[in-house]
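Inspection log for the structure reproduced underneath, given as structure tokens.
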Amino acid sequence: MFGQLIVNGIGTGLIVALPALALTLTFGILRFPNFAIGAMLTFSAYMAWTFNVLVGVPLIVSALLTILLFPLVAILCDAAVFRPLRDRGSITLLVASMGLSFVLENICRLFFGNAARNFDIPLARPHRLFDLRFTNEFLIAAAVSLSAMLIVYLILRWSALGRAMRAVADNPNLAAARGIDSGRVIKATWALSGALIAASGVLVGMDRAIDPQLGWNYIIVCFAAAILGGLGSPVGAVVGALMLGLIGELSTLVVPTNYRVGVAFAMIGVVLLLKPNGLFGTREIVK
Amino acid sequence: MIAYLVTIATLVSIAVLIAMALNVQWGMCGMVNFGLAGFVALGAYTTAILTLAGWPALFAVAASVVVCAVMGGLLSLISMRLSEDYLAIVTLGFGEIVRLVTLNEGWLTGGALGLPGIPRPLVETIGSENYETAFLAGAVLIVAIVYFGLERLTRSPVGAALRAVRDDDLVASSLGRNVLLLRVKAFALGGGITAIAGSLQAFQFSYIDPSQFTAIMTAYAFMAVIAGGRGSHRGLILGACSIMFLLEASRFLKDVIEVLDNAQIAAIRLILIGAGLILLLIFRPQGLMREYRLSAPRATAATAPPPTGKE
């Protein structure tokens, strides 16, 4: 029982880690919390569903198509909404992101209605190992999530683009003085975040039914993970997501399952009061 | 038709109250509240539960104002060590918790079925015939009282201090202002106003359930405040009324475009809300009306076009 909760917690954590990573990346570069992340997740899940069920290609192909195409949507959203507001301060940007989230969520509702949708995947019996159940979805989520993290790490650590991204996140003025094109870095950041969101959209869609409200279930947990790890810290977001996944599952031993989001919320409160920079937040947070 | 207009006007009054609460918190003091709907729900449920338990309406409303004000103060305290960005997620989380509690604690809130039969105040004295109109008059009176109270506050030294905290809290604190206390007070005041709005909503329908308090309520308030001009209470009333008018008008879209069903019309409205919010932020960040400033008369004189001498 206890072991199974740990397995489930890791599963949830790995799925949440991707949007949390996307959130923290955009925050690091653009300095505002993107509240549209939930709606973006929903949108990408519907994109994958369209390819998978309406067009009828296998899920793996539609997942790849979504991961390739959704970054374009993210860049488009940035160009239409966030770029004109870039120098207006984070509060204006975060209110605009809420507006964007309304638009994206309701585009899905307009075309697909409120009914819950499912991917066209065969049901499979879970694998058993030492009395623990591992579903196919869990194994796929783990594989996808871990490889996505590895790719993000490699890009940030070793590529010229990653170096530029870290430089802009660290000190935008210095980066500009050194001739780094911030427009290009911002586009790359949205592309990378978009791909992460798309991957998690597919994983979430496999885990539960897709409906227009889908993203709302993840937005608070996702922020909690990013804040716990320290907003702006990629490693922190992943660790924060795993911790939250575990805490969320284990809390079901004491708290009714309906209140799992409440546990995430309580974590935000505790972290903000005790350790406002998060576990891995090195940067001084502007008060 | 008159009955329809009276109902709409009452709903507009409630929306104006919610927007005023946001205007105190965000417009005047710079603190984002994404959990507005949660506050309204908390106020509505407190009033409903207490009146159903036999409390007189006035005491129930007073109690719900206290509950929401205290909750607002506490929430703003959580983010005391951080920038306002964090308050956004804290309040969003709070709204979600309120929703979960109203949905799951059936013994207290009736769960998804809600609380029916909330007694409306003074219904025997006024009689049911003109009750709706009288209720509207009461709601408008409350809006007027809150409006004049807030106008006074805006023009008082405290109002100036709140704007100073919003524009640059470092300057405000170096000038000897207790920034934390001002923030907590502003958030508590906003919380209290949402409680009044929630109570009105509970009495208006004499029935509440969790589906009445969604993020859309919060989005309306943000749009009203942005459209009216942040910090301007007069502009906000104008903003809230024009938004409600547009939204009501969009109901009749259905008669024009017959291919769309109700859910699709609802979706289009929400797309328009979101897009409108973004467009206002981009193209008209100052809103319809300017915020009150101490130097307003001089400033307008200075910005008046200089005489060209061609006449």
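Chain lettering (A, B, ...) mirrors the order of the structure tokens, residue numbering begins at 1 for each chain separately, and ligand numbering begins at 1 in order of display.
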Write out as a PDB file with N, CA, C and O atoms, in the first residue's frame the residues lying within 7 Å of Cys29 (chain B), counting only C-alpha atoms and excluding same-chain residues fewer than 2 positions away.
```
ATOM      1  N   VAL B  24      -9.713  48.240  -5.017  1.00  0.00           N
ATOM      2  CA  VAL B  24      -8.978  48.599  -3.803  1.00  0.00           C
ATOM      3  C   VAL B  24      -7.695  47.790  -3.734  1.00  0.00           C
ATOM      4  O   VAL B  24      -6.618  48.319  -3.471  1.00  0.00           O
ATOM      5  N   GLN B  25      -7.803  46.483  -4.009  1.00  0.00           N
ATOM      6  CA  GLN B  25      -6.653  45.602  -3.823  1.00  0.00           C
ATOM      7  C   GLN B  25      -5.626  45.778  -4.941  1.00  0.00           C
ATOM      8  O   GLN B  25      -4.438  45.942  -4.690  1.00  0.00           O
ATOM      9  N   TRP B  26      -6.094  45.739  -6.173  1.00  0.00           N
ATOM     10  CA  TRP B  26      -5.177  45.753  -7.306  1.00  0.00           C
ATOM     11  C   TRP B  26      -5.001  47.170  -7.863  1.00  0.00           C
ATOM     12  O   TRP B  26      -3.885  47.651  -8.053  1.00  0.00           O
ATOM     13  N   GLY B  27      -6.142  47.835  -8.092  1.00  0.00           N
ATOM     14  CA  GLY B  27      -6.080  49.162  -8.697  1.00  0.00           C
ATOM     15  C   GLY B  27      -5.348  50.157  -7.825  1.00  0.00           C
ATOM     16  O   GLY B  27      -4.485  50.882  -8.300  1.00  0.00           O
ATOM     17  N   MET B  31      -2.057  44.822  -5.622  1.00  0.00           N
ATOM     18  CA  MET B  31      -2.006  43.408  -5.242  1.00  0.00           C
ATOM     19  C   MET B  31      -3.033  42.607  -6.036  1.00  0.00           C
ATOM     20  O   MET B  31      -4.237  42.831  -5.912  1.00  0.00           O
ATOM     21  N   LEU B 162      -1.486  54.333  -0.153  1.00  0.00           N
ATOM     22  CA  LEU B 162      -1.723  53.065  -0.856  1.00  0.00           C
ATOM     23  C   LEU B 162      -1.147  53.127  -2.270  1.00  0.00           C
ATOM     24  O   LEU B 162      -0.509  52.192  -2.739  1.00  0.00           O
ATOM     25  N   ARG B 163      -1.393  54.258  -2.966  1.00  0.00           N
ATOM     26  CA  ARG B 163      -0.867  54.379  -4.326  1.00  0.00           C
ATOM     27  C   ARG B 163       0.654  54.398  -4.314  1.00  0.00           C
ATOM     28  O   ARG B 163       1.295  53.869  -5.215  1.00  0.00           O
ATOM     29  N   VAL B 165       2.515  52.800  -2.195  1.00  0.00           N
ATOM     30  CA  VAL B 165       2.935  51.411  -2.019  1.00  0.00           C
ATOM     31  C   VAL B 165       2.870  50.675  -3.347  1.00  0.00           C
ATOM     32  O   VAL B 165       3.759  49.907  -3.704  1.00  0.00           O
ATOM     33  N   ARG B 166       1.823  50.959  -4.114  1.00  0.00           N
ATOM     34  CA  ARG B 166       1.662  50.287  -5.402  1.00  0.00           C
ATOM     35  C   ARG B 166       2.783  50.681  -6.363  1.00  0.00           C
ATOM     36  O   ARG B 166       3.385  49.837  -7.003  1.00  0.00           O
ATOM     37  N   ARG B 183      -0.807  47.139   3.120  1.00  0.00           N
ATOM     38  CA  ARG B 183      -1.204  46.050   2.224  1.00  0.00           C
ATOM     39  C   ARG B 183      -2.266  45.179   2.864  1.00  0.00           C
ATOM     40  O   ARG B 183      -3.275  44.846   2.239  1.00  0.00           O
ATOM     41  N   ALA B 186      -5.578  47.021   2.991  1.00  0.00           N
ATOM     42  CA  ALA B 186      -6.227  47.126   1.687  1.00  0.00           C
ATOM     43  C   ALA B 186      -6.841  45.790   1.295  1.00  0.00           C
ATOM     44  O   ALA B 186      -7.963  45.728   0.789  1.00  0.00           O
TER      45      ALA B 186
END
```
Kindly provide the residues of chain A that approach chain B to within 8 Å, each paired with its closest atom pair and their distance in Å to one decimal, based on only C-alpha atoms, listed by chain and increasing number, as JSON lines.
```
{"residue": "A:Phe32", "atom": "CA", "partner": "B:Asp85", "partner_atom": "CA", "distance": 7.6}
{"residue": "A:Pro33", "atom": "CA", "partner": "B:Asp85", "partner_atom": "CA", "distance": 7.1}
{"residue": "A:Val81", "atom": "CA", "partner": "B:Ile278", "partner_atom": "CA", "distance": 6.7}
{"residue": "A:Pro84", "atom": "CA", "partner": "B:Ile282", "partner_atom": "CA", "distance": 6.4}
{"residue": "A:Leu85", "atom": "CA", "partner": "B:Ile282", "partner_atom": "CA", "distance": 6.3}
{"residue": "A:Ser90", "atom": "CA", "partner": "B:Asp85", "partner_atom": "CA", "distance": 7.3}
{"residue": "A:Ile91", "atom": "CA", "partner": "B:Asp85", "partner_atom": "CA", "distance": 6.7}
{"residue": "A:Thr92", "atom": "CA", "partner": "B:Leu281", "partner_atom": "CA", "distance": 7.4}
{"residue": "A:Leu94", "atom": "CA", "partner": "B:Asp85", "partner_atom": "CA", "distance": 8.0}
{"residue": "A:Ala96", "atom": "CA", "partner": "B:Ile278", "partner_atom": "CA", "distance": 5.4}
{"residue": "A:Met98", "atom": "CA", "partner": "B:Gly274", "partner_atom": "CA", "distance": 7.6}
{"residue": "A:Gly99", "atom": "CA", "partner": "B:Gly274", "partner_atom": "CA", "distance": 4.1}
{"residue": "A:Leu100", "atom": "CA", "partner": "B:Gly274", "partner_atom": "CA", "distance": 5.9}
{"residue": "A:Ser101", "atom": "CA", "partner": "B:Gly274", "partner_atom": "CA", "distance": 7.4}
{"residue": "A:Phe102", "atom": "CA", "partner": "B:Gly274", "partner_atom": "CA", "distance": 5.1}
{"residue": "A:Val103", "atom": "CA", "partner": "B:Ile271", "partner_atom": "CA", "distance": 4.4}
{"residue": "A:Leu104", "atom": "CA", "partner": "B:Ile271", "partner_atom": "CA", "distance": 7.7}
{"residue": "A:Asn106", "atom": "CA", "partner": "B:Ala267", "partner_atom": "CA", "distance": 5.0}
{"residue": "A:Ile107", "atom": "CA", "partner": "B:Ile271", "partner_atom": "CA", "distance": 7.0}
{"residue": "A:Arg109", "atom": "CA", "partner": "B:Ala267", "partner_atom": "CA", "distance": 6.1}
{"residue": "A:Leu110", "atom": "CA", "partner": "B:Gln264", "partner_atom": "CA", "distance": 4.9}
{"residue": "A:Phe111", "atom": "CA", "partner": "B:Gln264", "partner_atom": "CA", "distance": 7.9}
{"residue": "A:Gly113", "atom": "CA", "partner": "B:Ala263", "partner_atom": "CA", "distance": 6.9}
{"residue": "A:Asn114", "atom": "CA", "partner": "B:Ala263", "partner_atom": "CA", "distance": 7.8}
{"residue": "A:Ile220", "atom": "CA", "partner": "B:Gly93", "partner_atom": "CA", "distance": 6.3}
{"residue": "A:Phe223", "atom": "CA", "partner": "B:Ile89", "partner_atom": "CA", "distance": 7.3}
{"residue": "A:Asn258", "atom": "CA", "partner": "B:Leu100", "partner_atom": "CA", "distance": 7.3}
{"residue": "A:Tyr259", "atom": "CA", "partner": "B:Leu100", "partner_atom": "CA", "distance": 6.9}
{"residue": "A:Val261", "atom": "CA", "partner": "B:Ile97", "partner_atom": "CA", "distance": 7.6}
{"residue": "A:Gly262", "atom": "CA", "partner": "B:Ile97", "partner_atom": "CA", "distance": 6.0}
{"residue": "A:Phe265", "atom": "CA", "partner": "B:Gly93", "partner_atom": "CA", "distance": 5.7}
{"residue": "A:Ile268", "atom": "CA", "partner": "B:Val90", "partner_atom": "CA", "distance": 7.4}
{"residue": "A:Gly269", "atom": "CA", "partner": "B:Ile78", "partner_atom": "CA", "distance": 6.4}
{"residue": "A:Leu272", "atom": "CA", "partner": "B:Ser79", "partner_atom": "CA", "distance": 6.8}
{"residue": "A:Leu273", "atom": "CA", "partner": "B:Ile78", "partner_atom": "CA", "distance": 6.3}
{"residue": "A:Pro276", "atom": "CA", "partner": "B:Leu82", "partner_atom": "CA", "distance": 7.0}
{"residue": "A:Ile285", "atom": "CA", "partner": "B:Leu82", "partner_atom": "CA", "distance": 7.2}
{"residue": "A:Val286", "atom": "CA", "partner": "B:Ser83", "partner_atom": "CA", "distance": 6.2}
{"residue": "A:Lys287", "atom": "CA", "partner": "B:Ser83", "partner_atom": "CA", "distance": 4.5}
```
### Message
For the structure I just gave you, how does DSSP split region 59-265 of chain A - specifically, which residues are strand (DSSP E or B)? Reply as a PyMOL selection string.
### Response
chain A and resi 117+127-129+132-134+210
Put those residues in a file: all heavy atoms, as a CSV table (one decimal), in the first residue's frame.
```
chain,number,residue,atom,x,y,z
A,117,ARG,N,-13.0,13.6,-23.5
A,117,ARG,CA,-12.5,12.9,-24.6
A,117,ARG,C,-11.3,12.0,-24.1
A,117,ARG,O,-10.6,12.3,-23.2
A,117,ARG,CB,-11.9,13.8,-25.7
A,117,ARG,CG,-12.8,15.0,-26.0
A,117,ARG,CD,-13.9,14.5,-26.9
A,117,ARG,NE,-14.7,15.7,-27.2
A,117,ARG,CZ,-15.7,15.6,-28.2
A,117,ARG,NH1,-15.9,14.5,-28.9
A,117,ARG,NH2,-16.4,16.7,-28.5
A,127,HIS,N,1.7,-4.0,-15.2
A,127,HIS,CA,2.8,-4.9,-14.9
A,127,HIS,C,3.0,-5.0,-13.4
A,127,HIS,O,2.7,-4.0,-12.7
A,127,HIS,CB,4.1,-4.4,-15.5
A,127,HIS,CG,3.9,-4.1,-17.0
A,127,HIS,ND1,4.1,-5.1,-17.9
A,127,HIS,CD2,3.7,-3.0,-17.6
A,127,HIS,CE1,3.9,-4.5,-19.1
A,127,HIS,NE2,3.6,-3.3,-18.9
A,128,ARG,N,3.4,-6.2,-12.9
A,128,ARG,CA,3.5,-6.3,-11.4
A,128,ARG,C,5.0,-6.6,-11.1
A,128,ARG,O,5.7,-7.4,-11.8
A,128,ARG,CB,2.7,-7.5,-10.9
A,128,ARG,CG,1.2,-7.1,-10.9
A,128,ARG,CD,0.4,-8.1,-10.1
A,128,ARG,NE,-0.9,-7.6,-9.7
A,128,ARG,CZ,-1.1,-6.8,-8.7
A,128,ARG,NH1,-0.1,-6.5,-7.9
A,128,ARG,NH2,-2.2,-6.3,-8.4
A,129,LEU,N,5.5,-6.0,-10.1
A,129,LEU,CA,6.9,-6.2,-9.7
A,129,LEU,C,6.9,-6.0,-8.2
A,129,LEU,O,6.5,-5.0,-7.7
A,129,LEU,CB,7.8,-5.2,-10.4
A,129,LEU,CG,9.3,-5.4,-10.2
A,129,LEU,CD1,9.8,-6.7,-10.9
A,129,LEU,CD2,10.0,-4.2,-10.7
A,132,LEU,N,4.0,-4.4,-6.5
A,132,LEU,CA,3.7,-3.0,-6.9
A,132,LEU,C,3.1,-3.1,-8.3
A,132,LEU,O,3.6,-3.9,-9.2
A,132,LEU,CB,4.9,-2.1,-6.9
A,132,LEU,CG,5.6,-1.9,-5.5
A,132,LEU,CD1,6.8,-1.1,-5.7
A,132,LEU,CD2,4.6,-1.3,-4.6
A,133,ARG,N,2.1,-2.2,-8.6
A,133,ARG,CA,1.5,-2.2,-9.9
A,133,ARG,C,2.2,-1.0,-10.7
A,133,ARG,O,2.3,0.1,-10.2
A,133,ARG,CB,0.0,-2.0,-9.9
A,133,ARG,CG,-0.7,-3.2,-9.6
A,133,ARG,CD,-2.2,-3.0,-9.5
A,133,ARG,NE,-2.6,-2.2,-8.3
A,133,ARG,CZ,-3.0,-1.0,-8.4
A,133,ARG,NH1,-3.2,-0.4,-9.5
A,133,ARG,NH2,-3.3,-0.4,-7.2
A,134,PHE,N,2.6,-1.3,-11.9
A,134,PHE,CA,3.1,-0.3,-12.8
A,134,PHE,C,2.3,-0.3,-14.1
A,134,PHE,O,2.3,-1.3,-14.9
A,134,PHE,CB,4.6,-0.6,-13.2
A,134,PHE,CG,5.5,-0.5,-12.0
A,134,PHE,CD1,5.9,-1.6,-11.3
A,134,PHE,CD2,6.1,0.7,-11.7
A,134,PHE,CE1,6.7,-1.5,-10.2
A,134,PHE,CE2,7.0,0.8,-10.6
A,134,PHE,CZ,7.3,-0.3,-9.9
A,210,ILE,N,-9.7,14.1,-21.3
A,210,ILE,CA,-9.4,15.5,-21.7
A,210,ILE,C,-10.7,16.2,-21.8
A,210,ILE,O,-11.7,15.9,-22.4
A,210,ILE,CB,-8.8,15.5,-23.1
A,210,ILE,CG1,-7.6,14.6,-23.2
A,210,ILE,CG2,-8.5,16.9,-23.6
A,210,ILE,CD1,-7.0,14.3,-24.5
```
### Task
Find the residues around Asn118 (chain A) up to 9 Å (only C-alpha atoms counted), leave out those fewer than 4 positions away in its own chain, and share them as a PyMOL selection string.
chain A and resi 49+53+205-206+208-210
Please produce, as JSON lines, a per-residue contact table for region 204-268 of chain B versus region 40-57 of chain B (criterion: any atom at most 9 Å away, only C-alpha atoms considered), showing the nearest atom pair and its distance in Å to one decimal, sorted by chain then residue number.
```
{"residue": "B:Ser206", "atom": "CA", "partner": "B:Ala48", "partner_atom": "CA", "distance": 8.4}
{"residue": "B:Tyr207", "atom": "CA", "partner": "B:Ala48", "partner_atom": "CA", "distance": 8.4}
{"residue": "B:Ile208", "atom": "CA", "partner": "B:Tyr45", "partner_atom": "CA", "distance": 7.6}
{"residue": "B:Asp209", "atom": "CA", "partner": "B:Tyr45", "partner_atom": "CA", "distance": 8.9}
{"residue": "B:Pro210", "atom": "CA", "partner": "B:Ala41", "partner_atom": "CA", "distance": 7.6}
{"residue": "B:Gln212", "atom": "CA", "partner": "B:Ala41", "partner_atom": "CA", "distance": 8.2}
{"residue": "B:Phe213", "atom": "CA", "partner": "B:Ala41", "partner_atom": "CA", "distance": 6.0}
```
Output N, CA, C and O atoms of each residue in that selection to a file, as a PDB file, in the first residue's frame.
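This is the output file result-v5.pdb:
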```
ATOM      1  N   SER B 206     -31.751  33.698  -3.574  1.00  0.00           N
ATOM      2  CA  SER B 206     -32.128  32.921  -2.408  1.00  0.00           C
ATOM      3  C   SER B 206     -31.713  31.447  -2.559  1.00  0.00           C
ATOM      4  O   SER B 206     -32.283  30.542  -1.976  1.00  0.00           O
ATOM      5  N   TYR B 207     -30.678  31.258  -3.371  1.00  0.00           N
ATOM      6  CA  TYR B 207     -30.138  29.913  -3.578  1.00  0.00           C
ATOM      7  C   TYR B 207     -28.696  30.064  -4.043  1.00  0.00           C
ATOM      8  O   TYR B 207     -28.413  30.897  -4.906  1.00  0.00           O
ATOM      9  N   ILE B 208     -27.769  29.326  -3.445  1.00  0.00           N
ATOM     10  CA  ILE B 208     -26.397  29.387  -3.955  1.00  0.00           C
ATOM     11  C   ILE B 208     -25.845  27.977  -4.144  1.00  0.00           C
ATOM     12  O   ILE B 208     -26.208  27.050  -3.404  1.00  0.00           O
ATOM     13  N   ASP B 209     -25.009  27.804  -5.140  1.00  0.00           N
ATOM     14  CA  ASP B 209     -24.269  26.558  -5.303  1.00  0.00           C
ATOM     15  C   ASP B 209     -22.889  26.899  -5.875  1.00  0.00           C
ATOM     16  O   ASP B 209     -22.672  28.017  -6.342  1.00  0.00           O
ATOM     17  N   PRO B 210     -21.948  25.950  -5.800  1.00  0.00           N
ATOM     18  CA  PRO B 210     -20.569  26.278  -6.176  1.00  0.00           C
ATOM     19  C   PRO B 210     -20.421  26.785  -7.626  1.00  0.00           C
ATOM     20  O   PRO B 210     -19.506  27.541  -7.922  1.00  0.00           O
ATOM     21  N   GLN B 212     -21.977  28.962  -9.176  1.00  0.00           N
ATOM     22  CA  GLN B 212     -22.176  30.405  -9.369  1.00  0.00           C
ATOM     23  C   GLN B 212     -20.884  31.197  -9.233  1.00  0.00           C
ATOM     24  O   GLN B 212     -20.801  32.333  -9.664  1.00  0.00           O
ATOM     25  N   PHE B 213     -19.888  30.570  -8.568  1.00  0.00           N
ATOM     26  CA  PHE B 213     -18.682  31.327  -8.255  1.00  0.00           C
ATOM     27  C   PHE B 213     -17.490  30.756  -9.019  1.00  0.00           C
ATOM     28  O   PHE B 213     -16.715  29.987  -8.485  1.00  0.00           O
TER      29      PHE B 213
END
```
### Task
Check the DSSP output for the backbone and give back, as number ranges by chain, the residues of region 63-148 of chain B in helix (DSSP H, G or I).
B: 63-78, 84-104, 106-109, 111-113, 123-126, 131-148
Selection near Ile237 (chain B), 9 Å with only C-alpha atoms, sequence-local residues under 5 positions removed, as a CSV table (one decimal) with all heavy atoms, in the first residue's frame:
```csv
chain,number,residue,atom,x,y,z
B,13,SER,N,-25.1,45.6,-10.3
B,13,SER,CA,-24.6,46.2,-9.0
B,13,SER,C,-23.7,45.2,-8.2
B,13,SER,O,-22.7,45.7,-7.7
B,13,SER,CB,-25.8,46.4,-8.1
B,13,SER,OG,-26.8,47.1,-8.8
B,16,VAL,N,-20.4,45.3,-9.9
B,16,VAL,CA,-19.7,46.6,-9.6
B,16,VAL,C,-19.0,46.5,-8.3
B,16,VAL,O,-17.8,46.9,-8.1
B,16,VAL,CB,-20.6,47.8,-9.7
B,16,VAL,CG1,-20.0,49.0,-9.1
B,16,VAL,CG2,-21.0,48.0,-11.1
B,19,ALA,N,-15.9,44.4,-8.5
B,19,ALA,CA,-14.9,45.1,-9.2
B,19,ALA,C,-14.3,46.2,-8.3
B,19,ALA,O,-13.1,46.4,-8.3
B,19,ALA,CB,-15.4,45.7,-10.5
B,20,MET,N,-15.1,46.8,-7.5
B,20,MET,CA,-14.6,47.8,-6.5
B,20,MET,C,-13.7,47.2,-5.5
B,20,MET,O,-12.6,47.8,-5.2
B,20,MET,CB,-15.8,48.5,-5.8
B,20,MET,CG,-16.5,49.5,-6.6
B,20,MET,SD,-17.8,50.2,-5.6
B,20,MET,CE,-18.3,51.6,-6.5
B,224,ALA,N,-13.5,44.9,-15.8
B,224,ALA,CA,-14.1,46.1,-15.4
B,224,ALA,C,-13.1,47.1,-14.9
B,224,ALA,O,-13.1,48.3,-15.3
B,224,ALA,CB,-15.2,45.9,-14.3
B,225,VAL,N,-12.2,46.6,-14.1
B,225,VAL,CA,-11.2,47.5,-13.5
B,225,VAL,C,-10.2,48.0,-14.6
B,225,VAL,O,-9.9,49.2,-14.6
B,225,VAL,CB,-10.4,46.8,-12.4
B,225,VAL,CG1,-9.2,47.7,-11.9
B,225,VAL,CG2,-11.3,46.5,-11.2
B,228,GLY,N,-12.2,50.5,-16.9
B,228,GLY,CA,-12.5,51.7,-16.2
B,228,GLY,C,-11.3,52.6,-15.9
B,228,GLY,O,-11.4,53.8,-15.8
B,232,SER,N,-9.5,54.2,-10.7
B,232,SER,CA,-10.6,55.1,-10.8
B,232,SER,C,-11.9,54.4,-10.5
B,232,SER,O,-12.3,53.5,-11.2
B,232,SER,CB,-10.6,55.7,-12.2
B,232,SER,OG,-11.9,56.2,-12.5
B,242,SER,N,-20.6,48.8,-19.0
B,242,SER,CA,-20.5,48.5,-20.4
B,242,SER,C,-20.2,47.0,-20.7
B,242,SER,O,-20.6,46.5,-21.7
B,242,SER,CB,-19.4,49.4,-21.1
B,242,SER,OG,-18.3,49.6,-20.3
```
### Task
Do a neighbour search on Gln213 (chain A) at 10 Å with only C-alpha atoms, toss out local chain neighbours closer than 4 positions, and write the hits as a ChimeraX atom specification.
/A:38-39,42,105-106,108-109,114,116,217-218
Take the selection from the previous step and output its residues with N, CA and C atoms, as a CSV table (one decimal), in the first residue's frame.
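Produced file part02.csv, reproduced below:
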```
chain,number,residue,atom,x,y,z
A,38,GLY,N,-1.9,26.4,-17.6
A,38,GLY,CA,-2.9,25.3,-17.6
A,38,GLY,C,-3.7,25.2,-18.9
A,39,ALA,N,-4.1,26.4,-19.4
A,39,ALA,CA,-4.8,26.4,-20.7
A,39,ALA,C,-3.9,25.9,-21.8
A,42,THR,N,-4.1,22.2,-21.7
A,42,THR,CA,-5.3,21.7,-22.3
A,42,THR,C,-5.3,21.8,-23.8
A,105,GLU,N,-8.5,28.2,-23.5
A,105,GLU,CA,-9.5,27.2,-23.0
A,105,GLU,C,-10.8,27.2,-23.8
A,106,ASN,N,-11.2,28.4,-24.1
A,106,ASN,CA,-12.6,28.5,-24.8
A,106,ASN,C,-12.5,28.2,-26.2
A,108,CYS,N,-10.8,25.7,-27.3
A,108,CYS,CA,-11.1,24.2,-27.1
A,108,CYS,C,-12.5,23.9,-26.9
A,109,ARG,N,-13.2,24.7,-26.0
A,109,ARG,CA,-14.6,24.5,-25.7
A,109,ARG,C,-15.5,24.7,-27.0
A,114,ASN,N,-18.0,20.5,-24.2
A,114,ASN,CA,-17.6,20.2,-22.8
A,114,ASN,C,-17.3,18.7,-22.5
A,116,ALA,N,-16.0,14.9,-22.1
A,116,ALA,CA,-14.7,14.4,-21.9
A,116,ALA,C,-14.2,13.5,-23.1
A,217,ASN,N,-6.7,21.6,-13.2
A,217,ASN,CA,-6.3,20.6,-12.2
A,217,ASN,C,-4.8,20.6,-12.0
A,218,TYR,N,-4.0,21.2,-12.9
A,218,TYR,CA,-2.6,21.1,-12.8
A,218,TYR,C,-1.9,22.4,-12.4
```
### Task
Do a neighbour search on Phe27 (chain A) at 10 Å with only C-alpha atoms, toss out local chain neighbours closer than 5 positions, and write the hits as a list in words.
Leu21, Ala22, Phe32, Pro33, Asn34, Ser90, Ala169, Thr189, Ala226, Leu231, Gly232 and Ser233 of chain A
#### Entry: Separation of CA of Phe2 (chain A) from CA of Gly248 (chain A), in Å and rounded to one decimal
13.0 Å
